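Enquirer: Before we start, here is the structure in question, set down as structure tokens.
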Amino acid sequence: MKKYALILALALLLTGCAPAIPNGTQPPTVSQAPSTQPPATHPDPGTLPPLVPASVTRENRVQAADFALRLTSAAAKAGENTLVSPMSVLFALAMTANGAAGETREQMEAVLGAKVQDLNAYLYGLRQAALESGALNIANAVWCEPEEQVPLRPDFEEAVREWYGAELFRQPFTRATLEQINEWVKKQTDGQIEEILSDLPQETVMCLVNALSFDAEWADPFREDQIGPADFTQADGTVKETDFLYGMESIYLENELATGFRKDYAGGDFAFVALLPKEGVTPEEVLDRLDGEALQALLEGAQEASVDLSLPMFQVEGDYALKEILAAMGMPDAFDVDEADFSHMSAMPLYIGQVVHKTSLTLTAMGTRAGAATAVMMDAGGALDPNGYKLVELDRPFVYMIVHCETNLPVFIGTLNAI
């Protein structure tokens with residue numbers, strides 16, 4: 001793994017390198033390359049603060065954390081492993097929201113926690129910070145049927161190019177296009193997500209895609225003598241022996257739901273957070289009962305203490321269709337062929353047919369490697385003693401996160417119920 005100085009902010013939710021051109025055979029038609037200059041309405045990148053824009057308030061962070069927790073809680077199933085990247089979903093949906101109008105736009109803004117113009121400015125800042133840091137690779141792209149079939153509004157095209165650095169590929173949706181989308185995602189996630197889509201439905205005429213990858217070593221890696229076998233009691237009560245990591249950390253977390261710790265990655269900009277539910281509480285209940293305010297308070301209230309930890313090495317993957325989840329979260333019109341209003345995207349009636357989200361994460365003695373991709377498919381239609389000694393043994397189901405330390409916002413959230 002590489003050591004990264006991870007500089008990223010995350011306020012409307014969370015991720016960074018410039019998008020690369022897909023490998024393999026290139027699409028036959030590519031729109032004008034994204035300008036290296038920001039839109040005229042956005043400040044020059046040189047004037048951006050290195051981390052979190054001043055406009056990002058604590059309220060923004062609470063709203064972003066709310067979105068992250070609600071999304072993960074809705075995706076979680078009792079007794080099963082969960083892994084969601086709220087940041088990837090945010091990037092894909094924020095791009096899409098630039099084409100929404102009326103009630104559809106208002107619903108999307110309410111779910112995402114901010115106005116579209118604020119999302120654009122903030123996520124633009126994140127991409128610029130990521131370009132400088134090389135910490136987190138973020139890439140965006142849009143595939144669309146030819147212009148004569150799906151004419152796009154110039155303002156929408158400009159928004160996705162300038163704010164999101166997205167490449168726009170124009171071509172008929174064939175098997176070759178499906179392979180190009182999957183190859184692009186595979187490259188941008190460093191091979192962690194090999195396939196985001198299994199097919200392109202006949203009614204799908206446009207696909208907005210985000211891909212991100214995270215790869216960082218621990219600031220204090222585990223030594224060989226800190227690795228050993230132990231039992232992990234799974235959610236169904238069965239016991240499985242697996243390799244655990246043992247060590248000491250200095251940041252302790254606790255509230256009425258869980259106890260936990262924070263372990264920093266090299267560079268200090270990101271950290272791994274583990275939350276062990278208190279007896280009688282499941283990981284899913286922790287997610288369900290936490291909100292943005294409670295998560296911010298928990299992470300802001302981290303205390304210095306000697307934490308004796310044990311942590312299983314693990315690898316998990318996630319695969320989700322988010323249509324029903326997002327509709328239930330408060331944006332049903334976007335998925336309704338009769339109610340959807342994406343008139344800022346195209347004169348052609350469009351609606352979101354599905355939002356596909358895939359993730360992967362591997363935690364080892366050296367660090368953590370994770371990837372995520374999200375595709376929006378547009379269809380035609382219509383308090384403790386700081387000197388105290390704490391023990392956190394993650395030998396049963398728990399919640400974990402990768403958080404950005406500056407904002408305490410999660411890039412990934414998961415539950416480990418089985419090894």
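Residues in the structure tokens are numbered from 1 in each chain, the chains being A, B, ... in the order shown, and ligands are numbered from 1 in the order shown.
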May I have all residues of stretch 246-406 of chain A that DSSP, computed from the backbone, assigns to strand (DSSP E), given as a PyMOL selection string?

Expert: chain A and resi 246-254+258-264+270-277+303-312+314-321+350-363+367-380+389-393+398-404

Enquirer: Among stretch 94-138 of chain A, which ones does DSSP place in alpha helix (DSSP H), written as a PyMOL selection string?

Expert: chain A and resi 94-97+102-112+116-133

Enquirer: Which residues come within 8 Å of A:Gly330, counting only C-alpha atoms, excluding same-chain residues fewer than 6 positions away, as a ChimeraX atom specification?

Expert: /A:107-108,110-111

Enquirer: For the residues in that selection, give me N, CA and C atoms as a PDB file, in the first residue's frame.

Expert:
```
ATOM      1  N   GLN A 107     -36.887  17.679  -3.757  1.00  0.00           N
ATOM      2  CA  GLN A 107     -36.793  16.421  -3.008  1.00  0.00           C
ATOM      3  C   GLN A 107     -35.351  15.923  -2.952  1.00  0.00           C
ATOM      4  N   MET A 108     -34.640  16.004  -4.072  1.00  0.00           N
ATOM      5  CA  MET A 108     -33.255  15.550  -4.094  1.00  0.00           C
ATOM      6  C   MET A 108     -32.397  16.410  -3.175  1.00  0.00           C
ATOM      7  N   ALA A 110     -33.374  17.999  -0.528  1.00  0.00           N
ATOM      8  CA  ALA A 110     -33.728  17.680   0.859  1.00  0.00           C
ATOM      9  C   ALA A 110     -33.033  16.406   1.321  1.00  0.00           C
ATOM     10  N   VAL A 111     -32.977  15.394   0.449  1.00  0.00           N
ATOM     11  CA  VAL A 111     -32.328  14.136   0.811  1.00  0.00           C
ATOM     12  C   VAL A 111     -30.812  14.301   0.902  1.00  0.00           C
TER      13      VAL A 111
END
```

Enquirer: Could you build a table of the residues in stretch 132-170 of chain A lying no more than 7 Å from stretch 210-214 of chain A, giving for each the nearest pair of atoms and their separation in Å rounded to one decimal place, using only C-alpha atoms, ordered by chain and ascending residue number, as CSV?

Expert:
```
residue,atom,partner,partner_atom,distance
A:Leu136,CA,A:Phe214,CA,5.1
A:Asn137,CA,A:Leu212,CA,5.2
A:Ile138,CA,A:Leu212,CA,4.5
A:Ala139,CA,A:Ala211,CA,5.3
A:Asn140,CA,A:Asn210,CA,4.5
A:Ala141,CA,A:Asn210,CA,6.7
```

Enquirer: Please determine, counting only C-alpha atoms, which residue among A:Gln354, A:Gln192, A:Thr177, A:Thr259 has the shortest atom-to-atom distance to A:Ala92.

Expert: A:Gln354

Enquirer: Skipping near chain neighbours, those fewer than 2 positions away, what residues fall within 8 Å of A:Met206 using only C-alpha atoms, listed as a list in words?

Expert: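 Counting only C-alpha atoms, the residues come to Val142, Trp143, Cys144, Glu145, Thr204, Leu208, Met377, Met378 and Asp379 of chain A.
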
Enquirer: Find the spatial neighbours of A:Gly113, counting only C-alpha atoms, within a cut-off of 12 Å - ignore same-chain residues fewer than 4 positions away - and output them as a PyMOL selection string.

Expert: chain A and resi 11-13+59-68+70+90+93-94+105-109+117-119+292+329-331

Enquirer: Of the candidates A:Pro221, A:Leu69, A:Ala176, A:Leu322, which one gets nearest to A:Val89 if we count only C-alpha atoms?

Expert: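 Looking at the shortest contact to A:Val89, the residue is A:Leu322.
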
Enquirer: List the spatial neighbours of stretch 361-374 of chain A as a PyMOL selection string - criterion: any atom at most 8 Å away, only C-alpha atoms, same-chain residues fewer than 4 positions off excluded.

Expert: chain A and resi 1+83-85+88-89+92+185+189-190+192-193+196+209-218+221-223+227+245+265+313-317+355-357

Enquirer: Could you write out that same residue set with N, CA and C atoms as a short mmCIF file (atom, residue, chain, number, x, y, z; two decimals), in the first residue's frame?

Expert:
```
data_model
loop_
_atom_site.label_atom_id
_atom_site.label_comp_id
_atom_site.auth_asym_id
_atom_site.auth_seq_id
_atom_site.Cartn_x
_atom_site.Cartn_y
_atom_site.Cartn_z
N MET A 1 0.83 -1.19 0.00
CA MET A 1 0.00 0.00 0.00
C MET A 1 0.87 1.25 0.00
N LEU A 83 -21.58 -2.64 3.64
CA LEU A 83 -20.54 -1.67 3.30
C LEU A 83 -21.09 -0.70 2.27
N VAL A 84 -21.18 0.57 2.65
CA VAL A 84 -21.72 1.61 1.77
C VAL A 84 -20.72 2.77 1.71
N SER A 85 -20.59 3.41 0.57
CA SER A 85 -19.82 4.64 0.45
C SER A 85 -20.78 5.80 0.20
N SER A 88 -19.58 8.28 -2.53
CA SER A 88 -19.76 7.92 -3.93
C SER A 88 -21.20 8.16 -4.38
N VAL A 89 -22.14 7.76 -3.54
CA VAL A 89 -23.55 7.98 -3.87
C VAL A 89 -23.85 9.46 -3.99
N ALA A 92 -22.59 10.92 -7.38
CA ALA A 92 -23.42 10.50 -8.51
C ALA A 92 -24.77 11.22 -8.49
N VAL A 185 -14.82 1.77 -14.60
CA VAL A 185 -14.99 1.64 -13.15
C VAL A 185 -13.87 0.78 -12.57
N THR A 189 -11.21 2.26 -9.77
CA THR A 189 -11.20 1.68 -8.41
C THR A 189 -10.01 0.76 -8.20
N ASP A 190 -9.05 0.83 -9.10
CA ASP A 190 -7.84 0.01 -8.99
C ASP A 190 -8.19 -1.47 -8.91
N GLN A 192 -10.82 -2.93 -7.76
CA GLN A 192 -11.61 -3.41 -6.63
C GLN A 192 -13.09 -3.64 -7.00
N ILE A 193 -13.61 -2.83 -7.91
CA ILE A 193 -14.96 -3.04 -8.44
C ILE A 193 -14.81 -3.44 -9.90
N ILE A 196 -19.71 -2.77 -12.48
CA ILE A 196 -20.77 -2.02 -11.81
C ILE A 196 -22.14 -2.37 -12.39
N VAL A 209 -21.91 8.09 -13.68
CA VAL A 209 -21.13 7.16 -12.87
C VAL A 209 -20.08 7.88 -12.03
N ASN A 210 -19.99 7.49 -10.76
CA ASN A 210 -18.89 7.91 -9.90
C ASN A 210 -18.11 6.68 -9.48
N ALA A 211 -16.80 6.82 -9.40
CA ALA A 211 -15.94 5.75 -8.88
C ALA A 211 -14.91 6.38 -7.95
N LEU A 212 -14.61 5.69 -6.86
CA LEU A 212 -13.58 6.18 -5.96
C LEU A 212 -12.80 5.01 -5.38
N SER A 213 -11.57 5.28 -5.00
CA SER A 213 -10.76 4.27 -4.33
C SER A 213 -9.94 4.92 -3.23
N PHE A 214 -9.74 4.17 -2.16
CA PHE A 214 -9.02 4.61 -0.97
C PHE A 214 -7.95 3.59 -0.68
N ASP A 215 -6.73 4.05 -0.42
CA ASP A 215 -5.64 3.12 -0.16
C ASP A 215 -4.66 3.80 0.79
N ALA A 216 -4.58 3.36 2.03
CA ALA A 216 -3.72 4.03 3.00
C ALA A 216 -3.17 3.05 4.01
N GLU A 217 -1.94 3.30 4.44
CA GLU A 217 -1.33 2.55 5.52
C GLU A 217 -1.72 3.16 6.85
N TRP A 218 -1.69 2.35 7.89
CA TRP A 218 -1.87 2.87 9.23
C TRP A 218 -0.72 3.80 9.57
N PRO A 221 1.47 0.89 11.86
CA PRO A 221 1.08 -0.45 11.41
C PRO A 221 1.27 -1.49 12.52
N PHE A 222 0.52 -2.57 12.41
CA PHE A 222 0.66 -3.67 13.35
C PHE A 222 1.90 -4.50 13.00
N ARG A 223 2.63 -4.89 14.04
CA ARG A 223 3.80 -5.73 13.83
C ARG A 223 3.37 -7.19 13.70
N ILE A 227 -0.20 -10.05 15.61
CA ILE A 227 -1.19 -10.79 14.83
C ILE A 227 -1.32 -12.19 15.41
N LEU A 245 -5.79 -8.57 14.96
CA LEU A 245 -4.71 -7.60 15.18
C LEU A 245 -4.85 -7.08 16.61
N TYR A 265 -4.81 6.81 9.98
CA TYR A 265 -4.01 6.40 8.84
C TYR A 265 -2.84 7.39 8.68
N MET A 313 -8.86 -9.01 11.06
CA MET A 313 -8.61 -8.66 9.66
C MET A 313 -9.79 -9.19 8.85
N PHE A 314 -10.25 -8.41 7.90
CA PHE A 314 -11.43 -8.86 7.16
C PHE A 314 -11.49 -8.23 5.77
N GLN A 315 -12.31 -8.83 4.95
CA GLN A 315 -12.59 -8.32 3.60
C GLN A 315 -14.09 -8.42 3.37
N VAL A 316 -14.70 -7.33 2.94
CA VAL A 316 -16.14 -7.33 2.69
C VAL A 316 -16.43 -6.64 1.37
N GLU A 317 -17.58 -6.97 0.81
CA GLU A 317 -18.06 -6.33 -0.41
C GLU A 317 -19.54 -5.99 -0.23
N VAL A 355 -30.42 3.15 -9.23
CA VAL A 355 -29.12 3.61 -8.74
C VAL A 355 -28.40 2.38 -8.22
N VAL A 356 -27.33 2.01 -8.90
CA VAL A 356 -26.57 0.81 -8.55
C VAL A 356 -25.31 1.23 -7.79
N HIS A 357 -25.04 0.54 -6.68
CA HIS A 357 -23.90 0.91 -5.83
C HIS A 357 -23.15 -0.35 -5.42
#
```

Enquirer: To one decimal in Å, tell me the separation between atom CA of A:Asn98 and atom CA of A:Met345.

Expert: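 Spanning atom CA of A:Asn98 to atom CA of A:Met345 is a straight-line distance of 7.2 Å.
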
Enquirer: Excluding same-chain residues fewer than 2 positions from A:Glu254, what lies within 8 Å of it counting only C-alpha atoms, as a PyMOL selection string?

Expert: chain A and resi 252+256-260+298+302+383

Enquirer: Using the selection just defined, write its residues with N, CA and C atoms as a JSON list (two decimals), in the first residue's frame.

Expert:
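Done, and the output landed in out-v2.json:
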```
[["chain", "number", "residue", "atom", "x", "y", "z"],
["A", 252, "TYR", "N", -10.38, 7.12, 22.56],
["A", 252, "TYR", "CA", -11.48, 6.27, 23.01],
["A", 252, "TYR", "C", -12.80, 6.98, 22.75],
["A", 256, "GLU", "N", -24.18, 6.10, 24.72],
["A", 256, "GLU", "CA", -25.11, 5.14, 25.32],
["A", 256, "GLU", "C", -25.29, 3.89, 24.47],
["A", 257, "LEU", "N", -24.81, 3.92, 23.22],
["A", 257, "LEU", "CA", -25.01, 2.80, 22.32],
["A", 257, "LEU", "C", -23.80, 1.89, 22.17],
["A", 258, "ALA", "N", -22.60, 2.47, 22.26],
["A", 258, "ALA", "CA", -21.42, 1.70, 21.90],
["A", 258, "ALA", "C", -20.17, 2.27, 22.54],
["A", 259, "THR", "N", -19.12, 1.45, 22.56],
["A", 259, "THR", "CA", -17.78, 1.90, 22.91],
["A", 259, "THR", "C", -16.90, 1.65, 21.69],
["A", 260, "GLY", "N", -15.80, 2.39, 21.58],
["A", 260, "GLY", "CA", -14.96, 2.20, 20.41],
["A", 260, "GLY", "C", -13.66, 2.95, 20.47],
["A", 298, "LEU", "N", -20.36, 12.25, 19.13],
["A", 298, "LEU", "CA", -19.55, 11.11, 19.52],
["A", 298, "LEU", "C", -18.10, 11.29, 19.09],
["A", 302, "ALA", "N", -14.35, 12.52, 21.41],
["A", 302, "ALA", "CA", -13.31, 11.50, 21.59],
["A", 302, "ALA", "C", -12.37, 11.89, 22.72],
["A", 383, "ALA", "N", -18.66, 10.22, 28.30],
["A", 383, "ALA", "CA", -17.55, 10.96, 29.03],
["A", 383, "ALA", "C", -16.82, 10.16, 30.08]]
```

Enquirer: When you count only C-alpha atoms, which of these residues is closest to A:Ser360: A:Asp336, A:Asp319, A:Glu279, A:Asp291?

Expert: A:Asp319

Enquirer: Which distance in Å separates atom CA of A:Pro397 and atom CA of A:Leu416, to one decimal?

Expert: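 Those two atoms sit 5.3 Å apart.
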
Enquirer: Between atom CA of A:Arg153 and atom CA of A:Leu326, what is the spacing in Å?

Expert: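 Taking atom CA of A:Leu326 as the start and atom CA of A:Arg153 as the end point, the length is 25.2 Å.
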